[in-house]
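So this one's query_37.tsv, TSV, C-alpha atoms and all ligand atoms:
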```tsv
chain	number	residue	atom	x	y	z
C	79	MET	CA	0.00	0.00	0.00
C	80	LYS	CA	1.30	3.46	-0.92
C	81	THR	CA	2.32	5.31	2.27
C	82	TYR	CA	2.92	9.05	2.66
C	83	SER	CA	4.78	10.45	5.65
C	84	ILE	CA	3.22	13.63	6.95
C	85	ALA	CA	4.66	16.02	9.53
C	86	LEU	CA	1.79	17.41	11.60
C	87	ILE	CA	2.38	20.75	13.31
C	88	PRO	CA	-0.90	21.62	15.07
C	89	GLY	CA	0.69	24.74	16.60
C	90	ASP	CA	-1.33	27.06	18.81
C	91	GLY	CA	-4.92	27.91	19.67
C	92	ILE	CA	-7.49	26.63	17.19
C	93	GLY	CA	-4.62	25.25	15.10
C	94	LYS	CA	-4.85	22.18	17.33
C	95	ASP	CA	-8.63	21.81	16.93
C	96	VAL	CA	-8.70	22.19	13.16
C	97	THR	CA	-5.68	19.91	12.65
C	98	GLU	CA	-7.38	17.15	14.62
C	99	SER	CA	-10.46	17.58	12.50
C	100	ALA	CA	-8.62	17.65	9.16
C	101	TRP	CA	-6.50	14.67	10.15
C	102	ALA	CA	-9.58	12.60	10.97
C	103	VAL	CA	-11.02	13.37	7.55
C	104	LEU	CA	-7.73	12.63	5.78
C	105	GLN	CA	-7.41	9.30	7.58
C	106	ARG	CA	-10.97	8.37	6.62
C	107	VAL	CA	-10.45	9.11	2.94
C	108	ALA	CA	-7.08	7.32	2.93
C	109	ARG	CA	-8.78	4.18	4.23
C	110	LYS	CA	-11.47	4.50	1.57
C	111	ARG	CA	-8.97	5.04	-1.27
C	112	LYS	CA	-6.52	2.43	0.07
C	113	PHE	CA	-3.38	4.38	0.80
C	114	GLU	CA	-1.74	5.21	4.10
C	115	LEU	CA	-1.02	8.55	5.74
C	116	ASP	CA	1.67	8.08	8.36
C	117	GLY	CA	1.50	11.15	10.60
C	118	THR	CA	4.18	12.35	13.01
C	119	THR	CA	2.99	15.07	15.36
C	120	LEU	CA	5.56	17.72	16.21
C	121	PRO	CA	4.68	19.88	19.25
C	122	TRP	CA	6.39	23.00	17.85
C	123	SER	CA	4.40	26.00	19.02
C	124	CYS	CA	4.44	28.92	21.44
C	125	ALA	CA	3.99	26.46	24.32
C	126	TYR	CA	7.10	24.64	23.06
C	127	TYR	CA	8.91	27.98	22.95
C	128	LYS	CA	8.02	28.66	26.57
C	129	GLN	CA	9.54	25.31	27.54
C	130	THR	CA	12.63	25.32	25.35
C	131	GLY	CA	13.32	28.90	24.28
C	132	ALA	CA	12.85	28.05	20.59
C	133	MET	CA	9.85	27.47	18.33
C	134	MET	CA	11.46	24.34	16.91
C	135	PRO	CA	14.67	22.43	17.56
C	136	GLU	CA	17.87	23.60	15.86
C	137	ASP	CA	17.64	20.74	13.37
C	138	GLY	CA	13.89	21.32	12.85
C	139	ILE	CA	14.19	22.12	9.17
C	140	GLU	CA	16.32	19.02	8.56
C	141	THR	CA	13.77	16.92	10.43
C	142	LEU	CA	10.95	18.24	8.25
C	143	ARG	CA	12.88	17.66	5.03
C	144	ALA	CA	12.41	13.90	5.38
C	145	PHE	CA	8.60	14.09	5.10
C	146	ASP	CA	6.45	13.90	1.97
C	147	ALA	CA	4.43	16.90	3.14
C	148	ILE	CA	3.88	19.17	6.11
C	149	TYR	CA	0.44	19.93	7.53
C	150	LEU	CA	0.21	22.95	9.84
C	151	GLY	CA	-2.68	24.25	11.95
C	152	ALA	CA	-1.75	27.78	13.01
C	153	VAL	CA	1.11	29.43	14.88
C	154	GLY	CA	0.99	32.36	17.27
C	155	TRP	CA	0.04	33.16	20.84
C	156	PRO	CA	0.74	36.87	21.04
C	157	ALA	CA	-0.25	37.21	24.70
C	158	GLU	CA	2.80	35.16	25.65
C	159	VAL	CA	5.23	35.14	22.72
C	160	PRO	CA	5.64	38.13	20.39
C	161	ASP	CA	4.38	37.33	16.88
C	162	ALA	CA	7.63	38.47	15.31
C	163	VAL	CA	9.38	35.79	17.40
C	164	SER	CA	6.93	32.94	16.88
C	165	LEU	CA	6.33	33.40	13.16
C	166	HIS	CA	9.98	34.05	12.31
C	167	GLY	CA	10.85	30.99	14.41
C	168	LEU	CA	8.63	28.47	12.64
C	169	LEU	CA	6.21	29.23	9.81
C	170	LEU	CA	8.19	31.75	7.78
C	171	PRO	CA	11.53	29.85	7.85
C	172	ILE	CA	9.77	26.70	6.63
C	173	ARG	CA	8.28	28.51	3.63
C	174	LYS	CA	11.67	29.98	2.79
C	175	ALA	CA	13.92	26.98	3.49
C	176	PHE	CA	11.78	24.65	1.40
C	177	VAL	CA	11.39	27.20	-1.43
C	178	GLN	CA	7.62	27.04	-1.14
C	179	TYR	CA	7.44	30.07	-3.38
C	180	ALA	CA	3.86	29.64	-4.53
C	181	ASN	CA	1.16	30.15	-1.94
C	182	ILE	CA	-2.11	29.06	-3.53
C	183	ARG	CA	-5.34	30.32	-1.94
C	184	PRO	CA	-8.72	29.58	-3.57
C	185	HIS	CA	-11.68	31.86	-2.91
C	186	ARG	CA	-15.14	30.73	-3.89
C	187	LEU	CA	-18.48	30.24	-2.17
C	188	LEU	CA	-19.24	26.71	-1.01
C	189	PRO	CA	-22.82	25.52	-1.54
C	190	GLY	CA	-25.06	26.81	1.24
C	191	VAL	CA	-22.71	29.68	2.10
C	192	THR	CA	-24.00	33.07	1.01
C	193	GLY	CA	-21.14	35.35	2.11
C	194	PRO	CA	-21.46	39.10	2.58
C	195	LEU	CA	-21.58	40.12	-1.12
C	196	ARG	CA	-24.35	40.49	-3.68
C	197	ALA	CA	-22.21	38.40	-6.05
C	198	GLN	CA	-23.15	34.77	-5.50
C	199	SER	CA	-20.80	33.22	-8.02
C	200	PHE	CA	-17.06	33.77	-8.24
C	201	ASP	CA	-14.00	31.57	-8.38
C	202	ILE	CA	-10.71	33.34	-7.68
C	203	LEU	CA	-7.35	31.65	-7.31
C	204	CYS	CA	-4.93	33.91	-5.47
C	205	ILE	CA	-1.27	33.10	-6.05
C	206	ARG	CA	0.85	34.77	-3.44
C	207	GLU	CA	4.64	35.06	-3.71
C	208	ASN	CA	5.78	33.31	-0.56
C	209	THR	CA	9.53	33.62	-0.02
C	210	GLU	CA	10.72	37.19	-0.54
C	211	GLY	CA	9.37	40.70	-1.17
C	212	GLU	CA	8.10	42.54	1.88
C	213	TYR	CA	8.79	39.44	4.04
C	214	SER	CA	12.51	39.33	3.30
C	215	GLY	CA	13.37	40.25	6.88
C	216	ALA	CA	16.00	42.76	5.78
C	217	GLY	CA	16.18	45.89	7.86
C	218	GLY	CA	16.92	47.21	11.26
C	219	ARG	CA	16.44	49.96	13.82
C	220	VAL	CA	18.88	52.66	14.85
C	221	HIS	CA	18.80	55.20	17.68
C	222	THR	CA	16.28	52.99	19.42
C	223	ASN	CA	13.94	54.60	21.93
C	224	SER	CA	15.03	58.10	21.02
C	225	GLN	CA	13.34	60.85	19.05
C	226	ASP	CA	15.81	60.10	16.25
C	227	GLU	CA	14.79	56.48	15.95
C	228	VAL	CA	14.55	55.10	12.41
C	229	ALA	CA	13.16	51.69	11.44
C	230	VAL	CA	13.83	50.29	7.98
C	231	GLU	CA	12.25	47.20	6.43
C	232	THR	CA	13.48	46.50	2.94
C	233	ALA	CA	11.37	44.56	0.47
C	234	ILE	CA	13.64	42.48	-1.74
C	235	PHE	CA	12.42	41.38	-5.15
C	236	THR	CA	14.72	39.25	-7.30
C	237	ARG	CA	14.30	38.53	-10.99
C	238	LYS	CA	14.38	34.82	-10.22
C	239	GLY	CA	11.75	35.20	-7.50
C	240	VAL	CA	9.37	37.38	-9.48
C	241	GLU	CA	9.73	35.47	-12.74
C	242	ARG	CA	8.96	32.11	-11.19
C	243	ILE	CA	5.81	33.27	-9.38
C	244	ILE	CA	4.50	35.09	-12.45
C	245	ARG	CA	5.16	32.04	-14.60
C	246	PHE	CA	3.43	29.85	-12.02
C	247	GLY	CA	0.44	32.19	-12.20
C	248	PHE	CA	0.33	31.96	-15.98
C	249	GLU	CA	0.40	28.16	-15.83
C	250	GLN	CA	-2.54	28.19	-13.41
C	251	ALA	CA	-4.45	30.68	-15.57
C	252	ARG	CA	-3.87	28.50	-18.64
C	253	ALA	CA	-5.31	25.50	-16.80
C	254	ARG	CA	-8.33	27.53	-15.66
C	255	ARG	CA	-10.24	30.31	-17.44
C	256	GLY	CA	-7.24	31.90	-19.14
C	257	ARG	CA	-7.13	35.20	-17.24
C	258	LEU	CA	-4.38	36.56	-15.04
C	259	ALA	CA	-4.51	39.71	-12.94
C	260	SER	CA	-1.15	40.97	-11.68
C	261	VAL	CA	-1.30	43.16	-8.58
C	262	THR	CA	1.25	45.85	-7.74
C	263	LYS	CA	1.47	49.42	-6.49
C	264	SER	CA	3.71	50.67	-9.27
C	265	ASN	CA	2.22	54.14	-9.19
C	266	ALA	CA	3.81	54.70	-5.77
C	267	GLN	CA	6.56	52.09	-5.46
C	268	LYS	CA	8.84	52.94	-8.32
C	269	TYR	CA	11.50	50.25	-8.04
C	270	SER	CA	10.13	46.90	-6.96
C	271	MET	CA	6.67	47.22	-8.40
C	272	VAL	CA	7.73	48.75	-11.70
C	273	PHE	CA	10.17	45.82	-11.93
C	274	TRP	CA	7.31	43.38	-11.21
C	275	ASP	CA	5.22	44.94	-13.99
C	276	GLU	CA	8.12	44.63	-16.44
C	277	VAL	CA	8.71	40.99	-15.57
C	278	THR	CA	4.99	40.28	-15.97
C	279	ARG	CA	5.00	41.83	-19.44
C	280	ASP	CA	8.09	39.79	-20.39
C	281	VAL	CA	6.68	36.48	-19.18
C	282	ALA	CA	3.30	37.29	-20.78
C	283	ARG	CA	4.90	36.94	-24.22
C	284	GLU	CA	5.25	33.21	-23.55
C	285	TYR	CA	1.51	32.97	-22.84
C	286	PRO	CA	-0.32	34.69	-25.71
C	287	ASP	CA	-3.38	32.55	-24.89
C	288	VAL	CA	-3.72	34.14	-21.42
C	289	GLU	CA	-5.38	37.54	-21.04
C	290	VAL	CA	-3.37	39.73	-18.65
C	291	SER	CA	-4.57	42.71	-16.63
C	292	HIS	CA	-2.60	44.92	-14.27
C	293	TYR	CA	-4.19	46.30	-11.10
C	294	HIS	CA	-2.95	48.41	-8.26
C	295	ILE	CA	-3.53	46.76	-4.91
C	296	ASP	CA	-6.04	49.40	-3.81
C	297	ALA	CA	-8.11	48.98	-6.95
C	298	MET	CA	-7.90	45.19	-6.66
C	299	ALA	CA	-9.20	45.32	-3.09
C	300	ALA	CA	-12.24	47.22	-4.32
C	301	ARG	CA	-12.72	44.91	-7.31
C	302	MET	CA	-12.70	41.80	-5.15
C	303	VAL	CA	-15.69	43.24	-3.30
C	304	MET	CA	-17.54	44.94	-6.17
C	305	ALA	CA	-16.92	42.52	-9.05
C	306	PRO	CA	-15.23	39.31	-7.88
C	307	GLU	CA	-16.84	37.37	-10.73
C	308	THR	CA	-14.55	39.20	-13.19
C	309	LEU	CA	-11.43	37.64	-11.65
C	310	ASP	CA	-9.74	34.31	-12.36
C	311	VAL	CA	-6.09	34.01	-11.26
C	312	VAL	CA	-4.72	36.88	-9.15
C	313	VAL	CA	-0.94	37.07	-8.61
C	314	ALA	CA	0.50	39.30	-5.90
C	315	SER	CA	3.58	39.86	-3.80
C	316	ASN	CA	3.99	38.38	-0.34
C	317	LEU	CA	2.37	41.16	1.71
C	318	PHE	CA	-0.23	42.20	-0.86
C	319	GLY	CA	-1.16	38.56	-1.30
C	320	ASP	CA	-1.44	38.14	2.44
C	321	ILE	CA	-3.89	41.02	2.73
C	322	LEU	CA	-5.89	40.13	-0.38
C	323	THR	CA	-6.37	36.57	0.83
C	324	ASP	CA	-7.92	37.63	4.13
C	325	LEU	CA	-10.21	39.77	1.96
C	326	GLY	CA	-10.78	36.72	-0.22
C	327	ALA	CA	-11.63	34.75	2.93
C	328	ALA	CA	-14.11	37.42	3.96
C	329	ILE	CA	-15.98	37.39	0.65
C	330	GLN	CA	-16.19	33.59	0.73
C	331	GLY	CA	-17.95	33.72	4.09
C	332	GLY	CA	-15.12	34.03	6.59
C	333	LEU	CA	-11.67	32.81	7.58
C	334	GLY	CA	-13.13	29.43	8.43
C	335	PHE	CA	-13.45	28.72	4.68
C	336	ALA	CA	-10.09	29.88	3.31
C	337	ALA	CA	-7.60	27.11	2.47
C	338	SER	CA	-4.00	27.42	1.42
C	339	ALA	CA	-1.08	25.45	0.03
C	340	ASN	CA	2.56	26.54	0.26
C	341	ILE	CA	3.96	24.80	-2.77
C	342	ASN	CA	7.50	24.01	-3.87
C	343	PRO	CA	6.64	23.50	-7.55
C	344	ASP	CA	10.01	21.90	-8.33
C	345	ARG	CA	9.45	19.30	-5.59
C	346	THR	CA	12.99	19.73	-4.27
C	347	ALA	CA	11.59	19.85	-0.71
C	348	PRO	CA	8.24	19.17	1.01
C	349	SER	CA	5.32	21.51	0.50
C	350	MET	CA	3.18	22.72	3.42
C	351	PHE	CA	-0.59	22.90	3.78
C	352	GLU	CA	-2.43	25.13	6.25
C	353	PRO	CA	-5.58	27.20	6.49
C	354	VAL	CA	-5.24	30.96	5.84
C	355	HIS	CA	-6.43	31.79	9.34
C	356	GLY	CA	-4.37	32.07	12.50
C	357	SER	CA	-4.69	30.62	15.99
C	358	ALA	CA	-7.77	32.76	16.80
C	359	PRO	CA	-7.05	33.28	20.52
C	360	ASP	CA	-10.52	34.82	20.92
C	361	ILE	CA	-12.22	31.48	20.27
C	362	ALA	CA	-9.46	29.03	21.25
C	363	HIS	CA	-10.57	26.17	23.55
C	364	LEU	CA	-14.26	26.89	22.85
C	365	GLY	CA	-14.69	24.10	20.29
C	366	ILE	CA	-16.36	26.43	17.78
C	367	ALA	CA	-13.60	26.93	15.19
C	368	ASN	CA	-14.74	26.16	11.68
C	369	PRO	CA	-12.51	23.28	10.46
C	370	ILE	CA	-13.54	23.58	6.79
C	371	ALA	CA	-10.56	25.73	5.76
C	372	ALA	CA	-8.25	23.19	7.37
C	373	ILE	CA	-10.00	20.21	5.76
C	374	TRP	CA	-9.93	21.92	2.35
C	375	SER	CA	-6.17	22.52	2.84
C	376	GLY	CA	-5.91	18.79	3.48
C	377	ALA	CA	-7.60	18.14	0.13
C	378	MET	CA	-4.97	20.36	-1.50
C	379	MET	CA	-2.31	18.21	0.17
C	380	LEU	CA	-3.83	15.01	-1.26
C	381	GLU	CA	-3.90	16.56	-4.72
C	382	HIS	CA	-0.23	17.50	-4.37
C	383	LEU	CA	0.68	14.02	-3.14
C	384	GLY	CA	-0.86	12.51	-6.25
C	385	GLN	CA	-4.20	11.34	-4.86
C	386	PRO	CA	-6.64	13.44	-6.92
C	387	GLU	CA	-9.60	11.07	-6.38
C	388	ALA	CA	-9.17	11.29	-2.62
C	389	ALA	CA	-8.86	15.07	-2.88
C	390	LYS	CA	-12.10	15.15	-4.87
C	391	ASP	CA	-13.79	12.93	-2.25
C	392	VAL	CA	-12.83	15.43	0.45
C	393	MET	CA	-14.08	18.43	-1.55
C	394	ASN	CA	-17.32	16.61	-2.35
C	395	ALA	CA	-17.75	15.79	1.34
C	396	ILE	CA	-17.14	19.42	2.37
C	397	GLU	CA	-19.70	20.55	-0.19
C	398	ALA	CA	-22.22	17.91	0.87
C	399	CYS	CA	-21.79	19.15	4.45
C	400	THR	CA	-22.24	22.86	3.70
C	401	ALA	CA	-25.10	22.17	1.26
C	402	THR	CA	-27.15	20.94	4.23
C	403	GLY	CA	-26.31	24.15	6.09
C	404	VAL	CA	-23.85	22.57	8.52
C	405	GLY	CA	-20.83	24.83	9.09
C	406	THR	CA	-22.19	27.70	7.02
C	407	VAL	CA	-23.14	30.16	9.75
C	408	PRO	CA	-20.17	31.35	11.88
C	409	GLY	CA	-20.47	30.11	15.45
C	410	LYS	CA	-23.62	28.03	14.89
C	411	ASP	CA	-22.14	24.53	14.62
C	412	ARG	CA	-19.39	23.15	16.78
C	413	THR	CA	-16.09	21.95	15.32
C	414	ASP	CA	-16.99	18.34	16.16
C	415	ALA	CA	-20.39	18.54	14.50
C	416	ILE	CA	-18.92	19.92	11.27
C	417	THR	CA	-16.19	17.26	11.30
C	418	GLU	CA	-18.75	14.51	11.82
C	419	ALA	CA	-20.86	15.80	8.92
C	420	VAL	CA	-17.83	15.79	6.59
C	421	LEU	CA	-16.78	12.30	7.79
C	422	ALA	CA	-20.27	10.98	7.18
C	423	ALA	CA	-20.24	12.41	3.67
C	424	ILE	CA	-16.93	10.64	2.91
C	425	ASP	CA	-18.56	7.31	3.72
M	501	LIG	P1	-6.88	34.93	13.12
M	501	LIG	O1	-7.01	34.46	11.72
M	501	LIG	O2	-6.35	33.97	14.09
M	501	LIG	O3	-8.31	35.44	13.64
M	501	LIG	C1	-9.01	36.55	13.05
M	501	LIG	C2	-10.51	36.42	13.38
M	501	LIG	O4	-11.08	35.36	12.62
M	501	LIG	C3	-10.78	36.09	14.84
M	501	LIG	O5	-11.93	36.77	15.27
M	501	LIG	C4	-11.04	34.59	14.82
M	501	LIG	O6	-11.88	34.13	15.85
M	501	LIG	C5	-11.67	34.39	13.45
M	501	LIG	N1	-11.35	33.05	12.91
M	501	LIG	C6	-10.16	32.67	12.41
M	501	LIG	N2	-10.22	31.39	12.02
M	501	LIG	C7	-11.46	30.95	12.31
M	501	LIG	C8	-12.11	29.69	12.15
M	501	LIG	N3	-11.49	28.62	11.62
M	501	LIG	N4	-13.40	29.57	12.57
M	501	LIG	C9	-14.02	30.64	13.09
M	501	LIG	N5	-13.46	31.87	13.25
M	501	LIG	C10	-12.18	32.00	12.88
M	501	LIG	O7	-5.98	36.25	13.06
M	501	LIG	P2	-5.30	37.10	14.24
M	501	LIG	O8	-6.24	37.22	15.38
M	501	LIG	O9	-4.76	38.29	13.60
M	501	LIG	O10	-4.06	36.21	14.68
M	501	LIG	C11	-4.01	35.39	15.84
M	501	LIG	C12	-2.63	34.73	15.92
M	501	LIG	O11	-2.43	33.86	14.81
M	501	LIG	C13	-1.49	35.73	15.84
M	501	LIG	O12	-0.45	35.22	16.62
M	501	LIG	C14	-1.09	35.72	14.39
M	501	LIG	O13	0.21	36.15	14.14
M	501	LIG	C15	-1.28	34.26	14.07
M	501	LIG	N6	-1.51	33.91	12.67
M	501	LIG	C16	-0.97	32.74	12.26
M	501	LIG	C17	-1.22	32.29	10.98
M	501	LIG	C18	-0.61	30.99	10.55
M	501	LIG	O14	-0.11	30.24	11.36
M	501	LIG	N7	-0.64	30.65	9.31
M	501	LIG	C19	-2.06	33.01	10.14
M	501	LIG	C20	-2.61	34.20	10.60
M	501	LIG	C21	-2.34	34.65	11.88
M	502	LIG	C1	-0.71	33.93	6.64
M	502	LIG	C2	-0.31	34.62	7.93
M	502	LIG	C3	1.18	34.78	8.02
M	502	LIG	C4	1.65	35.59	6.83
M	502	LIG	C5	1.66	35.45	9.31
M	502	LIG	C6	1.17	34.71	10.50
M	502	LIG	C7	3.14	35.65	9.36
M	502	LIG	O1	-0.97	35.83	8.06
M	502	LIG	O2	-0.26	32.79	6.40
M	502	LIG	O3	-1.49	34.50	5.88
M	502	LIG	O4	1.55	36.82	6.84
M	502	LIG	O5	2.11	34.97	5.88
M	503	MN	MN	-2.43	36.20	6.52
```
Representation of the structure as structure tokens:
Amino acid sequence: MKTYSIALIPGDGIGKDVTESAWAVLQRVARKRKFELDGTTLPWSCAYYKQTGAMMPEDGIETLRAFDAIYLGAVGWPAEVPDAVSLHGLLLPIRKAFVQYANIRPHRLLPGVTGPLRAQSFDILCIRENTEGEYSGAGGRVHTNSQDEVAVETAIFTRKGVERIIRFGFEQARARRGRLASVTKSNAQKYSMVFWDEVTRDVAREYPDVEVSHYHIDAMAARMVMAPETLDVVVASNLFGDILTDLGAAIQGGLGFAASANINPDRTAPSMFEPVHGSAPDIAHLGIANPIAAIWSGAMMLEHLGQPEAAKDVMNAIEACTATGVGTVPGKDRTDAITEAVLAAID
């Protein structure tokens, strides 16, 4: 029987609840489709940091490299560990070390979910650059705690980094409805974003069959609310993509529905799958987190591992669940009840 080794990092807060839920669904579909998911749970989290002084062991990245895929719940417990410490100690280094440069985030309404917009039909695939740009971590502070203090955070965009994400976006657009929207702020940011626009125009020549549009981030934010049905693939830098995908989550009904895949397209290292949302300290331990985003992310993992039928089973089960109204209204159904409904639909 084909076996896949999966590193499970439940993390903090609702990350633990939604990982448990997604893992139950993944195990059920693996049994049905006759393959094995061999999970190893790693306790790396803010609680782990409090015990050890680090978010993961020194050889954490090397440990993860041995797995076929990584599944992550959510990281962050800002009341006890500063976010800049926890995220730069676990999630962000994994994305970078494993060259997971394409962060794929689908935004569409599931059956039974109405969302906040008039538009009731849209299908957007956000492709977020995931390893550089505004998240490069280059910068510093001088004259700290004085009136002369200066803080600098440099966004680094490389030709290699921009070209590969744009090309990835074009490939996705070609496989979908043939439209790509590139998002920048090249009216204000005259180096990096003008460069991004140029690279997009260059790469576009290789894809004459794909229709390209250029948007500024502010205009794109408005368009996603006013006319989301006009969008197909949306490609954006790390920070812009981060913000647009919480907006994407909102228009699809909430963060409980937004899935994501951090992909290394060259398969030189494991890819990582996680919901868009964070650890949600405000609802942690209440058993009311919506696990659908996490389960959907699990389906994206199965697709990546080469189990498309199992991935389809999971998506069908999610849709069967929401079509009956279960999990569609924030706070109405408990995590367990939604999980049970999806499990039942798999069988
Ligand atoms: P968040 O996504 O955790 O929560 C934002 C709001 O959405 C909260 O009101 C929360 O209750 C709600 N929400 C989120 N997921 C939900 C779900 N599945 N079901 C129902 N409601 C849900 O964002 P935040 O509050 O800004 O961040 C909390 C912590 O998580 C911080 O430490 C932050 O840095 C971290 N974070 C981690 C990740 C990640 O690990 N990938 C992503 C985002 C934020
Ligand atoms: C996300 C999160 C992370 C990001 C944070 C927690 C660093 O918001 O995955 O969207 O900005 O990438
Ligand atoms: Mn985010």
Could I get the residue neighbourhood of ligand LIG 501 (chain M) at 8 Å, counting only C-alpha atoms and all ligand atoms, as an mmCIF file with C-alpha atoms, in the coordinates of the input?
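Written output follows (result28.cif):
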```cif
data_model
loop_
_atom_site.group_PDB
_atom_site.id
_atom_site.type_symbol
_atom_site.label_atom_id
_atom_site.label_comp_id
_atom_site.auth_asym_id
_atom_site.auth_seq_id
_atom_site.Cartn_x
_atom_site.Cartn_y
_atom_site.Cartn_z
ATOM 1 C CA GLY C 89 0.690 24.740 16.600
ATOM 2 C CA ASP C 90 -1.330 27.060 18.810
ATOM 3 C CA ILE C 92 -7.490 26.630 17.190
ATOM 4 C CA GLY C 93 -4.620 25.250 15.100
ATOM 5 C CA VAL C 96 -8.700 22.190 13.160
ATOM 6 C CA LEU C 150 0.210 22.950 9.840
ATOM 7 C CA GLY C 151 -2.680 24.250 11.950
ATOM 8 C CA ALA C 152 -1.750 27.780 13.010
ATOM 9 C CA VAL C 153 1.110 29.430 14.880
ATOM 10 C CA GLY C 154 0.990 32.360 17.270
ATOM 11 C CA TRP C 155 0.040 33.160 20.840
ATOM 12 C CA PRO C 156 0.740 36.870 21.040
ATOM 13 C CA PRO C 160 5.640 38.130 20.390
ATOM 14 C CA ASP C 161 4.380 37.330 16.880
ATOM 15 C CA ALA C 162 7.630 38.470 15.310
ATOM 16 C CA SER C 164 6.930 32.940 16.880
ATOM 17 C CA LEU C 165 6.330 33.400 13.160
ATOM 18 C CA LEU C 169 6.210 29.230 9.810
ATOM 19 C CA GLY C 332 -15.120 34.030 6.590
ATOM 20 C CA LEU C 333 -11.670 32.810 7.580
ATOM 21 C CA GLY C 334 -13.130 29.430 8.430
ATOM 22 C CA PHE C 335 -13.450 28.720 4.680
ATOM 23 C CA GLU C 352 -2.430 25.130 6.250
ATOM 24 C CA PRO C 353 -5.580 27.200 6.490
ATOM 25 C CA VAL C 354 -5.240 30.960 5.840
ATOM 26 C CA HIS C 355 -6.430 31.790 9.340
ATOM 27 C CA GLY C 356 -4.370 32.070 12.500
ATOM 28 C CA SER C 357 -4.690 30.620 15.990
ATOM 29 C CA ALA C 358 -7.770 32.760 16.800
ATOM 30 C CA PRO C 359 -7.050 33.280 20.520
ATOM 31 C CA ASP C 360 -10.520 34.820 20.920
ATOM 32 C CA ILE C 361 -12.220 31.480 20.270
ATOM 33 C CA ALA C 362 -9.460 29.030 21.250
ATOM 34 C CA ILE C 366 -16.360 26.430 17.780
ATOM 35 C CA ALA C 367 -13.600 26.930 15.190
ATOM 36 C CA ASN C 368 -14.740 26.160 11.680
ATOM 37 C CA PRO C 369 -12.510 23.280 10.460
ATOM 38 C CA ILE C 370 -13.540 23.580 6.790
ATOM 39 C CA ALA C 371 -10.560 25.730 5.760
ATOM 40 C CA ALA C 372 -8.250 23.190 7.370
ATOM 41 C CA PRO C 408 -20.170 31.350 11.880
ATOM 42 C CA GLY C 409 -20.470 30.110 15.450
#
```
Nearest residue to ligand MN 503 (chain M) from the set C:Tyr213, C:Val261, C:Asp411, C:Phe273 (distances using all atoms listed in the file) | C:Tyr213
For atom CA of Met134 of chain C and atom CA of Thr97 of chain C, determine how far apart the two atoms are, in Å to one decimal place.
-> 18.2 Å
Collect all residues with atoms no farther than 9 Å from ligand MN 503 (chain M), counting only C-alpha atoms and all ligand atoms, and output them as a VMD selection string.
-> chain C and resid 317 319 to 324 354 to 356
Around (-10.9, 23.4, 0.5) in the file's frame, which residues reach within 12 Å when counting only C-alpha atoms? Return as a ChimeraX atom specification?
-> /C:100,182-188,203,327,330,333-339,351-354,369-381,389-397,400,420
Given the choices C:Gln225, C:Thr308, C:Ser260, C:Thr130, which gets closest to Ser291 of chain C if the distance is worked out from all atoms listed in the file?
->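 Among the listed residues, the smallest separation from Ser291 of chain C belongs to C:Ser260.
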At a cut-off of 8 Å, using all atoms listed in the file, what residues contact segment 311-316 of chain C? Leave out same-chain residues fewer than 5 positions from it and give the result as a PDB file with C-alpha atoms, in the coordinates of the input.
```
ATOM      1  CA  ILE C 202     -10.710  33.340  -7.680  1.00  0.00           C
ATOM      2  CA  LEU C 203      -7.350  31.650  -7.310  1.00  0.00           C
ATOM      3  CA  CYS C 204      -4.930  33.910  -5.470  1.00  0.00           C
ATOM      4  CA  ILE C 205      -1.270  33.100  -6.050  1.00  0.00           C
ATOM      5  CA  ARG C 206       0.850  34.770  -3.440  1.00  0.00           C
ATOM      6  CA  GLU C 207       4.640  35.060  -3.710  1.00  0.00           C
ATOM      7  CA  ASN C 208       5.780  33.310  -0.560  1.00  0.00           C
ATOM      8  CA  THR C 209       9.530  33.620  -0.020  1.00  0.00           C
ATOM      9  CA  GLU C 210      10.720  37.190  -0.540  1.00  0.00           C
ATOM     10  CA  GLY C 211       9.370  40.700  -1.170  1.00  0.00           C
ATOM     11  CA  GLU C 212       8.100  42.540   1.880  1.00  0.00           C
ATOM     12  CA  TYR C 213       8.790  39.440   4.040  1.00  0.00           C
ATOM     13  CA  ILE C 243       5.810  33.270  -9.380  1.00  0.00           C
ATOM     14  CA  ILE C 244       4.500  35.090 -12.450  1.00  0.00           C
ATOM     15  CA  GLY C 247       0.440  32.190 -12.200  1.00  0.00           C
ATOM     16  CA  GLN C 250      -2.540  28.190 -13.410  1.00  0.00           C
ATOM     17  CA  ALA C 251      -4.450  30.680 -15.570  1.00  0.00           C
ATOM     18  CA  ARG C 257      -7.130  35.200 -17.240  1.00  0.00           C
ATOM     19  CA  LEU C 258      -4.380  36.560 -15.040  1.00  0.00           C
ATOM     20  CA  ALA C 259      -4.510  39.710 -12.940  1.00  0.00           C
ATOM     21  CA  SER C 260      -1.150  40.970 -11.680  1.00  0.00           C
ATOM     22  CA  VAL C 261      -1.300  43.160  -8.580  1.00  0.00           C
ATOM     23  CA  THR C 262       1.250  45.850  -7.740  1.00  0.00           C
TER      24      THR C 262
END
```
Given 4 Å of margin on each side, can you work out the centre and size in Å (one decimal) of an axis-aligned box holding every listed atom of ligand LIG 502 (chain M), as lines of an AutoDock Vina configuration file?
```
center_x = 0.8
center_y = 34.8
center_z = 8.2
size_x = 12.6
size_y = 12.0
size_z = 12.6
```
So that I can check the surroundings of Ala102 of chain C, please list as a PDB file with C-alpha atoms, in the frame of the given file every protein, DNA and RNA residue that reaches within 9 Å of it, counting all atoms listed in the file and ignoring chain neighbours fewer than 4 positions away.
```pdb
ATOM      1  CA  THR C  97      -5.680  19.910  12.650  1.00  0.00           C
ATOM      2  CA  GLU C  98      -7.380  17.150  14.620  1.00  0.00           C
ATOM      3  CA  ARG C 106     -10.970   8.370   6.620  1.00  0.00           C
ATOM      4  CA  VAL C 107     -10.450   9.110   2.940  1.00  0.00           C
ATOM      5  CA  THR C 417     -16.190  17.260  11.300  1.00  0.00           C
ATOM      6  CA  LEU C 421     -16.780  12.300   7.790  1.00  0.00           C
TER       7      LEU C 421
END
```
